[in-house]
$ cat entry-v5.cif   # mmCIF, C-alpha atoms
data_structure
#
loop_
_atom_site.label_atom_id
_atom_site.label_comp_id
_atom_site.auth_asym_id
_atom_site.auth_seq_id
_atom_site.Cartn_x
_atom_site.Cartn_y
_atom_site.Cartn_z
CA MET R 1 98.84 83.80 90.32
CA ARG R 2 100.99 83.27 93.38
CA VAL R 3 100.18 85.73 96.16
CA TYR R 4 101.89 86.17 99.51
CA VAL R 5 99.52 86.76 102.41
CA PRO R 6 101.01 88.37 105.53
CA LEU R 7 99.88 86.74 108.77
CA THR R 8 100.78 86.18 112.38
CA LEU R 9 101.04 82.73 113.94
CA SER R 10 97.60 83.22 115.49
CA GLY R 11 96.21 84.16 112.05
CA LEU R 12 97.75 81.02 110.60
CA ALA R 13 96.23 78.98 113.44
CA GLN R 14 92.80 80.45 112.70
CA ALA R 15 93.14 79.62 109.00
CA HIS R 16 94.17 76.09 109.96
CA ARG R 17 91.08 75.73 112.21
CA THR R 18 88.62 77.13 109.66
CA GLY R 19 90.26 75.77 106.52
CA GLU R 20 90.34 79.18 104.84
CA LEU R 21 91.82 82.65 104.83
CA GLY R 22 89.19 85.27 105.23
CA PRO R 23 86.21 85.68 105.35
CA GLY R 24 86.59 89.29 104.24
CA ARG R 25 88.90 91.04 101.82
CA LEU R 26 92.52 90.02 102.11
CA THR R 27 95.58 92.10 101.45
CA ALA R 28 98.40 90.16 99.81
CA TYR R 29 101.49 90.83 97.72
CA ALA R 30 102.26 89.56 94.24
CA VAL R 31 104.33 90.22 91.17
CA THR R 32 102.34 93.13 89.78
CA PRO R 33 103.28 95.57 87.00
CA GLY R 34 104.05 98.13 89.72
CA LEU R 35 106.38 95.70 91.50
CA ARG R 36 108.13 94.89 88.21
CA GLU R 37 108.71 98.59 87.56
CA TRP R 38 109.82 99.28 91.13
CA TYR R 39 112.19 96.30 91.34
CA VAL R 40 113.46 96.58 87.73
CA SER R 41 114.06 92.91 87.06
CA ASP R 42 112.83 90.29 84.64
CA ASP R 43 113.86 87.37 86.88
CA ILE R 44 110.61 85.89 88.19
CA GLU R 45 112.32 84.33 91.21
CA GLU R 46 113.75 87.71 92.22
CA LEU R 47 110.37 89.35 91.72
CA GLU R 48 108.59 86.70 93.79
CA TYR R 49 111.19 87.12 96.53
CA ALA R 50 110.52 90.87 96.46
CA ALA R 51 106.77 90.22 96.85
CA LEU R 52 107.49 87.80 99.70
CA SER R 53 109.67 90.45 101.36
CA ARG R 54 106.87 93.01 101.06
CA ALA R 55 104.51 90.53 102.73
CA ALA R 56 107.06 89.91 105.51
CA ALA R 57 107.17 93.66 106.15
CA ALA R 58 103.37 93.72 106.33
CA SER R 59 103.47 90.80 108.78
CA LEU R 60 105.83 92.86 110.95
CA ARG R 61 103.27 95.68 110.91
CA MET R 62 100.63 93.21 112.08
CA LEU R 63 102.90 92.19 114.95
CA ALA R 64 103.48 95.82 115.88
CA GLY R 65 99.70 96.26 116.11
CA ASP R 66 99.17 93.16 118.27
CA PRO R 67 101.44 93.03 121.31
CA THR R 68 100.03 89.62 122.29
CA ALA R 69 101.03 87.90 119.01
CA ALA R 70 104.03 85.59 118.94
CA ARG R 71 106.97 87.56 117.57
CA ARG R 72 107.51 85.64 114.34
CA ARG R 73 106.66 86.97 110.89
CA VAL R 74 104.50 84.60 108.86
CA VAL R 75 103.68 84.68 105.14
CA LEU R 76 101.43 82.18 103.41
CA ALA R 77 102.09 81.59 99.70
CA VAL R 78 98.76 80.90 97.99
CA ASP R 79 97.81 80.24 94.39
CA VAL R 80 94.69 82.07 93.25
CA PRO R 81 93.17 82.74 89.82
CA ASP R 82 94.53 85.92 88.24
CA SER R 83 91.04 87.39 88.34
CA ALA R 84 90.86 86.96 92.14
CA ALA R 85 93.74 89.35 92.88
CA ALA R 86 93.39 93.01 91.96
CA ALA R 87 95.95 95.78 92.31
CA ASP R 88 94.74 99.32 92.85
CA PRO R 89 96.07 101.22 89.78
CA ASP R 90 95.95 104.52 91.68
CA ARG R 91 98.34 103.15 94.31
CA SER R 92 100.48 100.80 92.22
CA LEU R 93 103.55 103.05 92.30
CA ASP R 94 103.07 104.33 95.85
CA PRO R 95 106.18 103.03 97.65
CA SER R 96 104.08 101.85 100.59
CA SER R 97 101.85 99.66 98.41
CA VAL R 98 104.14 98.29 95.70
CA GLY R 99 103.06 94.75 94.88
CA GLU R 100 99.93 94.99 97.01
CA VAL R 101 96.81 93.22 95.79
CA ARG R 102 93.35 92.70 97.23
CA ILE R 103 91.54 89.40 97.22
CA ALA R 104 87.79 89.90 97.42
CA GLY R 105 86.70 86.78 99.24
CA PRO R 106 87.89 83.88 101.33
CA VAL R 107 90.64 81.62 100.02
CA PRO R 108 90.63 77.91 100.87
CA LEU R 109 93.72 76.89 102.80
CA ALA R 110 93.98 74.01 100.33
CA LYS R 111 95.23 76.60 97.79
CA ALA R 112 98.31 77.27 99.94
CA ALA R 113 101.62 76.27 98.40
CA ALA R 114 103.91 76.95 101.37
CA VAL R 115 104.38 78.81 104.61
CA HIS R 116 107.31 81.13 105.22
CA ALA R 117 108.04 81.97 108.87
CA ASP R 118 110.78 83.21 111.12
CA ALA R 119 112.85 80.70 113.04
CA ASP R 120 112.67 80.85 116.82
CA ASP R 121 116.06 82.58 116.95
CA ALA R 122 114.66 85.61 115.10
CA GLU R 123 112.25 86.43 117.94
CA GLY R 124 114.52 89.01 119.59
CA ALA R 125 115.18 90.92 116.37
CA VAL R 126 111.52 90.75 115.31
CA THR R 127 110.36 91.95 118.75
CA ALA R 128 112.78 94.88 118.62
CA ALA R 129 111.72 95.70 115.05
CA ALA R 130 108.01 95.63 115.91
CA ASP R 131 108.67 97.92 118.88
CA ALA R 132 110.72 100.34 116.76
CA LEU R 133 108.39 100.46 113.75
CA GLY R 134 106.47 103.58 114.82
CA ALA R 135 109.64 105.59 115.40
CA ALA R 136 111.08 104.34 112.10
CA ASP R 137 107.95 105.53 110.31
CA MET R 138 108.55 108.97 111.83
CA GLY R 139 112.06 109.11 110.34
CA ASP R 140 114.19 107.89 113.26
CA ASP R 141 117.31 106.41 111.63
CA ASP R 142 118.25 104.30 114.67
CA ALA R 143 114.76 102.81 114.76
CA GLN R 144 114.94 102.10 111.02
CA PHE R 145 118.23 100.29 111.61
CA THR R 146 116.46 98.13 114.19
CA VAL R 147 113.58 97.42 111.80
CA ASP R 148 116.05 96.50 109.07
CA GLY R 149 117.66 94.08 111.52
CA ALA R 150 114.61 91.83 111.31
CA GLU R 151 115.18 91.56 107.56
CA ASP R 152 118.59 90.01 108.29
CA HIS R 153 116.64 86.91 109.33
CA GLU R 154 115.47 84.97 106.30
CA LEU R 155 112.04 83.43 106.53
CA LEU R 156 112.19 79.66 106.56
CA TRP R 157 110.15 77.55 104.13
CA TYR R 158 107.59 75.10 105.51
CA GLY R 159 105.35 72.74 103.62
CA VAL R 160 101.62 73.18 104.26
CA GLN R 161 101.58 69.78 105.97
CA GLU R 162 103.81 71.36 108.65
CA ILE R 163 101.23 73.99 109.65
CA PRO R 164 99.96 72.00 112.67
CA GLY R 165 103.49 71.92 114.09
CA LEU R 166 103.91 75.67 113.58
CA VAL R 167 100.69 76.69 115.29
CA ASP R 168 100.71 74.27 118.25
#

$ encode --input "entry-v5.cif" --output "structure tokens"
Amino acid sequence: MRVYVPLTLSGLAQAHRTGELGPGRLTAYAVTPGLREWYVSDDIEELEYAALSRAAAASLRMLAGDPTAARRRVVLAVDVPDSAAAADPDRSLDPSSVGEVRIAGPVPLAKAAAVHADADDAEGAVTAAADALGAADMGDDDAQFTVDGAEDHELLWYGVQEIPGLVD
């Protein structure tokens, strides 16, 4: 199963240093039955893009919680056994957790398929979005517009061999 793990650049650097994601439980996003029902599509590429987008939104939340983190969303695409990723059936249709899965233990970085990250030119929009996230959560339409502005920046694809260049 392909899962999308939201990170920050510093989280990616730590995984690069240790050779694994973890050590504790990880939250990731995947094509789950709840995501299929929410997105209403049979196209696996569209569904995987939706899971990636959910992970990018979670990465933005991580940035909002860490003012010292570089203002670039990062998502690591990782292949894990189906049995390693579990969706909470009680939350599967909760809009805030659609596509969310938990991975019980550490995941070797060698299982990574790709890195998706913002380009440098997205930093302004991502910074503004991270700063506006709290107000958007409280229903502020202008703040939500700012948060949505970060989504206008597509995450770029990087091969795992490019991780050292991303984190240096």

$ closest_residue --input "entry-v5.cif" --among "R:Ala13, R:Val78, R:Ala57, R:Met62" --to "Leu166 in chain R" --atoms "all atoms listed in the file"
R:Ala13

$ residues_around --input "entry-v5.cif" --residues "Leu109 in chain R" --least-positions-apart "5" --cutoff "12 Å" --atoms "only C-alpha atoms" --output "CSV table (one decimal) with C-alpha atoms, in the coordinates of the input"
chain,number,residue,atom,x,y,z
R,5,VAL,CA,99.5,86.8,102.4
R,12,LEU,CA,97.8,81.0,110.6
R,13,ALA,CA,96.2,79.0,113.4
R,14,GLN,CA,92.8,80.4,112.7
R,15,ALA,CA,93.1,79.6,109.0
R,16,HIS,CA,94.2,76.1,110.0
R,17,ARG,CA,91.1,75.7,112.2
R,18,THR,CA,88.6,77.1,109.7
R,19,GLY,CA,90.3,75.8,106.5
R,20,GLU,CA,90.3,79.2,104.8
R,21,LEU,CA,91.8,82.6,104.8
R,22,GLY,CA,89.2,85.3,105.2
R,23,PRO,CA,86.2,85.7,105.4
R,76,LEU,CA,101.4,82.2,103.4
R,77,ALA,CA,102.1,81.6,99.7
R,78,VAL,CA,98.8,80.9,98.0
R,79,ASP,CA,97.8,80.2,94.4
R,80,VAL,CA,94.7,82.1,93.2
R,114,ALA,CA,103.9,77.0,101.4
R,115,VAL,CA,104.4,78.8,104.6
R,160,VAL,CA,101.6,73.2,104.3
R,161,GLN,CA,101.6,69.8,106.0
R,163,ILE,CA,101.2,74.0,109.6

$ resolve_selection --input "entry-v5.cif" --expression "the PyMOL selection byres ((chain R and resi 67) around 12)" --output "number ranges by chain"
R: 8, 60-66, 68-72, 126-128, 130-131

$ resolve_selection --input "entry-v5.cif" --expression "the PyMOL selection byres ((chain R and resi 28-44) around 10)" --output "ChimeraX atom specification"
/R:1-7,25-27,45-56,58,75-78,85-89,91-95,97-103

$ closest_residue --input "entry-v5.cif" --among "R:Pro106, R:Ala135, R:Pro164, R:Ala125" --to "Asp148 in chain R" --atoms "only C-alpha atoms"
R:Ala125

$ atom_distance --input "entry-v5.cif" --atom1 "CA of Asp120 in chain R" --atom2 "CA of Pro108 in chain R"
27.4 Å

$ atom_distance --input "entry-v5.cif" --atom1 "CA of Ala119 in chain R" --atom2 "CA of Glu154 in chain R"
8.4 Å

$ atom_distance --input "entry-v5.cif" --atom1 "CA of Glu162 in chain R" --atom2 "CA of Ala122 in chain R"
19.0 Å

$ resolve_selection --input "entry-v5.cif" --expression "the PyMOL selection byres ((chain R and resi 143) around 10)" --output "list of chain:residue names"
R:Ala128, R:Ala129, R:Ala130, R:Asp131, R:Ala132, R:Leu133, R:Gly134, R:Ala135, R:Ala136, R:Asp137, R:Met138, R:Gly139, R:Asp140, R:Asp141, R:Asp142, R:Gln144, R:Phe145, R:Thr146, R:Val147, R:Asp148, R:Gly149

$ closest_residue --input "entry-v5.cif" --among "R:Ser10, R:Leu156, R:Ala104, R:His116" --to "Pro81 in chain R" --atoms "all atoms listed in the file"
R:Ala104

$ closest_residue --input "entry-v5.cif" --among "R:Gly24, R:Glu123, R:Val74, R:Leu9" --to "Val107 in chain R" --atoms "only C-alpha atoms"
R:Gly24

$ decode --input "entry-v5.cif" --residues "range 64-78 of chain R" --atoms "N, CA, C and O atoms" --output "compact mmCIF listing (two decimals), in the first residue's frame"
# COMPACT_ATOMS: atom_id res chain seq x y z
N ALA R 64 2.40 25.09 10.84
CA ALA R 64 1.72 26.07 11.69
C ALA R 64 2.08 25.86 13.16
O ALA R 64 2.14 26.82 13.93
N GLY R 65 2.34 24.63 13.54
CA GLY R 65 2.69 24.31 14.92
C GLY R 65 4.17 24.47 15.24
O GLY R 65 4.57 24.35 16.40
N ASP R 66 4.99 24.74 14.25
CA ASP R 66 6.44 24.87 14.45
C ASP R 66 6.95 26.10 13.71
O ASP R 66 7.34 26.01 12.55
N PRO R 67 6.94 27.25 14.37
CA PRO R 67 7.34 28.48 13.69
C PRO R 67 8.81 28.49 13.23
O PRO R 67 9.19 29.32 12.41
N THR R 68 9.62 27.57 13.72
CA THR R 68 11.02 27.54 13.32
C THR R 68 11.26 26.68 12.08
O THR R 68 12.35 26.73 11.50
N ALA R 69 10.27 25.91 11.65
CA ALA R 69 10.43 25.01 10.50
C ALA R 69 10.46 25.81 9.20
O ALA R 69 9.75 26.82 9.06
N ALA R 70 11.27 25.36 8.25
CA ALA R 70 11.29 25.96 6.92
C ALA R 70 9.90 25.88 6.33
O ALA R 70 9.23 24.85 6.44
N ARG R 71 9.46 26.92 5.70
CA ARG R 71 8.08 27.03 5.21
C ARG R 71 7.89 26.36 3.86
O ARG R 71 7.55 26.99 2.86
N ARG R 72 8.07 25.05 3.84
CA ARG R 72 7.82 24.23 2.66
C ARG R 72 7.12 22.97 3.11
O ARG R 72 7.59 22.28 4.02
N ARG R 73 5.98 22.65 2.49
CA ARG R 73 5.29 21.41 2.81
C ARG R 73 6.07 20.25 2.22
O ARG R 73 6.62 20.36 1.12
N VAL R 74 6.12 19.15 2.96
CA VAL R 74 6.86 17.97 2.52
C VAL R 74 5.99 16.75 2.77
O VAL R 74 5.39 16.60 3.84
N VAL R 75 5.92 15.87 1.76
CA VAL R 75 5.19 14.61 1.89
C VAL R 75 6.10 13.51 1.35
O VAL R 75 6.64 13.63 0.25
N LEU R 76 6.25 12.46 2.13
CA LEU R 76 7.06 11.32 1.71
C LEU R 76 6.12 10.19 1.30
O LEU R 76 5.27 9.77 2.09
N ALA R 77 6.24 9.72 0.07
CA ALA R 77 5.45 8.58 -0.41
C ALA R 77 6.22 7.31 -0.05
O ALA R 77 7.38 7.16 -0.42
N VAL R 78 5.56 6.42 0.68
CA VAL R 78 6.21 5.22 1.20
C VAL R 78 5.33 4.01 0.90
O VAL R 78 4.10 4.09 1.01
